[in-house]
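Q: Questions regarding the structure given below will be posed in turn.
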2 protein chains.
Amino acid sequence: MAAYSLGWCEPGGAPVSTPAGGKGLRQVLAVLGTETAGAPRGAGVTAAVAVELVHTFSLLHDDIMDGDPTRRGRPTVWKAYGTGPAVLAGDALFALAVETLAAAPGADVPSAVRHLSTALNDLVRGQADDLLFESRPWAGPESVRPDEYRAMAEHKTGALLGCATALGAVLAGAPRETVAALDRAGRHLGVAFQVIDDLLGIWGDPAVTGKPVHADLLRGKKTFPVLAALGAPGARPLARLLDSADPLDAADARRAAALIEDIGGRGAATAEARRHIATVGACLDSVPSAARTTRTTDDLRALLDHLVHREM
Amino acid sequence: MAAYSLGWCEPGGAPVSTPAGGKGLRQVLAVLGTETAGAPRGAGVTAAVAVELVHTFSLLHDDIMDGDPTRRGRPTVWKAYGTGPAVLAGDALFALAVETLAAAPGADVPSAVRHLSTALNDLVRGQADDLLFESRPWAGPESVRPDEYRAMAEHKTGALLGCATALGAVLAGAPRETVAALDRAGRHLGVAFQVIDDLLGIWGDPAVTGKPVHADLLRGKKTFPVLAALGAPGARPLARLLDSADPLDAADARRAAALIEDIGGRGAATAEARRHIATVGACLDSVPSAARTTRTTDDLRALLDHLVHREM
């Protein structure tokens with residue numbers, strides 16, 4: 001199950017012709033973040049392995065919680081093996097992540113384990129908030145505010161990206177400000193990614209995203225473009241539509257997507273993502289220059305530009 | 001959910017009149033194990049908290065995997081809150097356990113985190129084996145051997161008891177032999193407990209155990225009394241009964257229980273549990289006497305005697 005979830009084999013264990021893993025973003029961030037801090041590469045590799053195991057564990061458990069049947073074009077682990085075994089496989093990956101980090105050499109291992117477990121707590125909190133938001137109304141005093149969304153996105157998506165970017169520096173005993181700057185860079189990147197993911201969930205091509213069209217709207221997910229649109233002038237018809245029909249049907253969702261775009265939700269979300277990406281750059285600039293090596297900082301920046309422009 | 005799973009409140013969050021937690025065995029073992037090693041009590045408290053959080057997490061996820069609707073006379077967390085939230089609550093408890101240990105003072109934190117993550121890996125492996133054993137036949141070359149059962153029980157139940165008993169000593173930097181002796185004591189205690197649990201699952205009073213009568217037999221669980229009986233002379237009718245009917249009905253299960261007792265499975269399991277308890281005593285005796293304080297070792301021994309005699 002672990003090998004399958006990492007994209008290395010078919011459900012039965014047969015090798016795959018093309019590995020079906022993710023983009024490897026967190027590993028790259030771990031190595032480049034470590035180099036940006038002027039810390040040895042080995043620390044970055046340990047950080048990359050630990051974070052990738054946590055990421056795989058969290059996808060595996062999230063797919064159970066969200067009831068998602070596919071990921072990266074393949075059945076999710078719970079679909080292929082059953083819910084019970086999938087829960088257990090996630091637990092095993094989690095334990096292995098902690099073990100990997102605890103087995104690293106050096107005096108800074110406790111700080112690194114603390115950093116990882118803080119990210120884990122944030123990740124769980126963000127996932128819990130995301131689930132709780134679904135049952136809250138779109139309008140009125142109980143509705144989800146944009147700042148609540150940002151905190152959720154920072155926890156759910158940003159915490160582990162921040163951990164990935166900073167963990168090698170923690171392991172190598174880098175100064176506190178360096179670690180904080182790298183962690184913040186990853187957290188803002190996470191919020192940007194979450195907002196971009198929301199945009200793709202409404203206006204992306206299902207053939208590219210691999211998700212059914214308007215899935216987020218149909219299940220009442222509190223995504224940023226919708227929250228931004230509801231705060232804009234002329235939001236009344238949208239609020240009425242979203243809060244009246246429960247659940248929305250496909251025609252409602254199409255009409256909602258058009259309304260959201262008309263009153264500026266799409267534009268506001270794009271601007272929000274760009275703001276967080278700009279902050280990522282500012283965080284990287286704030287890494288003390290004694291530690292910073294220009295080449296790797298440039299690599300990191302080029303990677304981020306590539307990722308953001310490919311998706312927006 | 002975490003407070004509910006620890007027995008502190010009702011599902012809605014209302015306080016309970018009588019806390020519905022467990023016996024607190026792992027906490028007691030953590031403190032007494034620490035004192036047996038001559039280490040400071042504070043280390044034992046940290047170990048107790050970390051291990052109790054892991055224990056609660058593992059019960060929570062096990063109940064999902066096993067589909068158990070009740071625990072300690074109350075609905076299980078997944079029954080009260082749903083599977084998705086229960087998976088997440090378990091993950092949160094797990095993260096908190098690691099955080100608790102990583103935040104402890106002292107130079108031996110990495111060893112302690114490694115010790116805990118080894119126990120976690122063992123625990124997951126044991127739970128996986130226990131689930132896999134259910135689909136293996138009772139007789140023939142594919143059947144489960146008693147030594148496979150012992151390894152499963154050591155991993156599933158013993159690893160965390162061993163960790164509980166030894167973790168305070170690890171945190172306090174106790175010598176390697178002391179740690180190993182305490183860990184082995186806990187592991188043998190775990191095998192004994194698992195065998196006793198198997199005995200109660202067949203011949204225990206459902207009003208006391210809180211489990212339906214013959215539940216383990218009905219679902220084909222590979223418990224020690226049955227495995228021992230199947231290795232005894234005259235086991236053919238039992239093997240035929242178990243492998244023919246799938247699943248057993250209540251009358252089959254009653255007949256199986258009588259056959260198991262007749263050909264010595266009950267006696268063999270009782271003897272097996274006693275052997276492991278004796279080994280627990282030998283392990284405690286092997287803790288280097290410079291470290292050992294007589295009073296706490298006696299307390300630990302009295303606790304074990306009490307637990308074993310209450311249950312057997």
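In the structure tokens, the first chain shown is A, the next is B, and so on; residue numbers restart at 1 for each chain, and ligands run from 1 in the order shown.
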Find the residues in chain A near chain B: any atom within 6 Å counts, using only C-alpha atoms. Write them as a list in words.

A: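 Only these qualify: Met65, Gly84, Ala95, Glu99, Ala102, Pro110, Arg114 and Ser117 of chain A.
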
Q: Go ahead and save the residues from that selection, with N, CA and C atoms, as a PDB file, in the first residue's frame.

A:
ATOM      1  N   MET A  65     -11.145  10.744   4.244  1.00  0.00           N
ATOM      2  CA  MET A  65     -12.063  11.731   4.838  1.00  0.00           C
ATOM      3  C   MET A  65     -12.954  12.368   3.787  1.00  0.00           C
ATOM      4  N   GLY A  84     -10.066   0.392   6.210  1.00  0.00           N
ATOM      5  CA  GLY A  84      -9.252  -0.017   7.359  1.00  0.00           C
ATOM      6  C   GLY A  84      -7.777  -0.117   7.011  1.00  0.00           C
ATOM      7  N   ALA A  95       4.574   7.060  11.055  1.00  0.00           N
ATOM      8  CA  ALA A  95       5.582   6.556  11.996  1.00  0.00           C
ATOM      9  C   ALA A  95       6.967   6.536  11.349  1.00  0.00           C
ATOM     10  N   GLU A  99      10.417   8.388  12.473  1.00  0.00           N
ATOM     11  CA  GLU A  99      11.619   7.569  12.674  1.00  0.00           C
ATOM     12  C   GLU A  99      12.780   8.097  11.823  1.00  0.00           C
ATOM     13  N   ALA A 102      14.111  11.204  13.479  1.00  0.00           N
ATOM     14  CA  ALA A 102      14.741  10.931  14.777  1.00  0.00           C
ATOM     15  C   ALA A 102      16.073  10.219  14.604  1.00  0.00           C
ATOM     16  N   PRO A 110      15.988  17.123  18.048  1.00  0.00           N
ATOM     17  CA  PRO A 110      14.750  17.455  18.778  1.00  0.00           C
ATOM     18  C   PRO A 110      14.035  18.662  18.180  1.00  0.00           C
ATOM     19  N   ARG A 114      10.322  18.632  16.648  1.00  0.00           N
ATOM     20  CA  ARG A 114       9.305  19.614  17.095  1.00  0.00           C
ATOM     21  C   ARG A 114       8.735  20.380  15.903  1.00  0.00           C
ATOM     22  N   SER A 117       6.381  18.144  14.093  1.00  0.00           N
ATOM     23  CA  SER A 117       5.115  17.849  14.770  1.00  0.00           C
ATOM     24  C   SER A 117       4.229  19.090  14.866  1.00  0.00           C
TER      25      SER A 117
END

Q: At a cut-off of 8 Å, using only C-alpha atoms, what residues contact B:Val213? Leave out same-chain residues fewer than 6 positions from it and give the result as a PyMOL selection string.

A: chain B and resi 201-202+204-206

Q: Could you check which of A:Val280, A:Leu304, A:Leu199, A:Ala239 is closest to A:Glu261, using only C-alpha atoms?

A: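 Using only C-alpha atoms, A:Glu261 sits closest to A:Leu199.
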
Q: Work out how far atom CA of A:Leu161 is from atom CA of A:Val31, in Å to one decimal.

A: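 We find that atom CA of A:Val31 and atom CA of A:Leu161 lie 12.3 Å from each other.
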
Q: So which bits of stretch 17-220 of chain B end up strand (DSSP E) when you DSSP the backbone, as a list in words?

A: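 Put together, the selection reads Thr70, Arg71, Arg74 and Pro75 of chain B.
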
Q: Atom CA of B:Gly21 and atom CA of B:Ala180, how far apart in Å?

A: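 Distance between the two atoms: 29.4 Å.
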
Q: Compare B:Leu238, B:Leu303, B:Ala229, B:Ala185 by their minimum atom-to-atom distance to B:Gly24, counting only C-alpha atoms, and give me the closest one.

A: B:Leu303

Q: Quick one: everything within 12 Å of A:Ala37, counting only C-alpha atoms, minus sequence neighbours fewer than 2 positions away in the same chain. Send it as an MDAnalysis selection string.

A: chainID A and resid 29:35 39:41 43:44 165:183 284:297 300

Q: Keeping only C-alpha atoms, write the selected residues as a tab-separated table (two decimals), in the first residue's frame.

A:
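So part12.tsv came out as:
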chain	number	residue	atom	x	y	z
A	29	LEU	CA	11.79	22.69	-1.65
A	30	ALA	CA	13.56	20.75	1.10
A	31	VAL	CA	16.85	20.56	-0.82
A	32	LEU	CA	16.73	24.13	-2.18
A	33	GLY	CA	15.60	25.53	1.18
A	34	THR	CA	18.53	23.78	2.85
A	35	GLU	CA	20.99	25.17	0.28
A	39	ALA	CA	23.39	24.22	5.19
A	40	PRO	CA	24.76	20.84	4.01
A	41	ARG	CA	22.74	18.98	1.38
A	43	ALA	CA	20.23	17.58	5.91
A	44	GLY	CA	18.03	18.53	2.96
A	165	THR	CA	11.45	24.54	3.07
A	166	ALA	CA	12.84	25.04	6.60
A	167	LEU	CA	13.45	21.52	7.95
A	168	GLY	CA	16.91	20.99	6.46
A	169	ALA	CA	18.00	24.33	7.93
A	170	VAL	CA	16.62	23.28	11.35
A	171	LEU	CA	18.50	19.96	11.15
A	172	ALA	CA	21.71	21.80	10.27
A	173	GLY	CA	21.35	24.18	13.22
A	174	ALA	CA	20.77	27.32	11.09
A	175	PRO	CA	19.97	30.59	12.94
A	176	ARG	CA	16.42	31.13	14.15
A	177	GLU	CA	15.70	34.00	11.70
A	178	THR	CA	16.82	31.92	8.72
A	179	VAL	CA	14.50	29.07	9.76
A	180	ALA	CA	11.60	31.49	10.35
A	181	ALA	CA	12.05	33.16	6.95
A	182	LEU	CA	12.13	29.84	5.09
A	183	ASP	CA	9.12	28.53	7.01
A	284	LEU	CA	13.49	34.52	0.68
A	285	ASP	CA	15.13	37.96	0.42
A	286	SER	CA	15.00	38.24	4.20
A	287	VAL	CA	17.17	35.15	4.72
A	288	PRO	CA	20.34	36.66	6.24
A	289	SER	CA	22.73	37.32	3.38
A	290	ALA	CA	25.67	35.69	5.16
A	291	ALA	CA	23.84	32.37	4.82
A	292	ARG	CA	22.26	32.92	1.44
A	293	THR	CA	23.95	31.54	-1.68
A	294	THR	CA	22.74	33.40	-4.73
A	295	ARG	CA	22.53	30.43	-7.08
A	296	THR	CA	20.20	28.30	-5.02
A	297	THR	CA	17.99	31.25	-4.07
A	300	LEU	CA	14.14	28.40	-5.77

Q: Any idea what's packed within 9 Å of A:Gly13, counting only C-alpha atoms, ignoring anything in its chain fewer than 5 positions away? Could you give it as a PyMOL selection string?

A: chain A and resi 1+3-4+8

Q: Write the residues of the selection above to a file with N, CA and C atoms, as a PDB file, in the first residue's frame.

A:
ATOM      1  N   MET A   1       0.820  -1.207   0.000  1.00  0.00           N
ATOM      2  CA  MET A   1       0.000   0.000   0.000  1.00  0.00           C
ATOM      3  C   MET A   1       0.854   1.256   0.000  1.00  0.00           C
ATOM      4  N   ALA A   3       3.939   1.546  -1.167  1.00  0.00           N
ATOM      5  CA  ALA A   3       4.559   1.670  -2.488  1.00  0.00           C
ATOM      6  C   ALA A   3       3.528   2.147  -3.512  1.00  0.00           C
ATOM      7  N   TYR A   4       2.313   1.609  -3.409  1.00  0.00           N
ATOM      8  CA  TYR A   4       1.251   2.042  -4.329  1.00  0.00           C
ATOM      9  C   TYR A   4       0.957   3.533  -4.140  1.00  0.00           C
ATOM     10  N   TRP A   8       4.707   3.787  -7.030  1.00  0.00           N
ATOM     11  CA  TRP A   8       5.743   2.890  -7.519  1.00  0.00           C
ATOM     12  C   TRP A   8       5.222   1.570  -8.083  1.00  0.00           C
TER      13      TRP A   8
END

Q: Measuring atom to atom with only C-alpha atoms, identify which of B:Pro212, B:Thr56, B:Leu230, B:Asp249 is nearest to B:Ile263.

A: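 Among B:Pro212, B:Thr56, B:Leu230, B:Asp249, it is B:Leu230 that comes nearest to B:Ile263.
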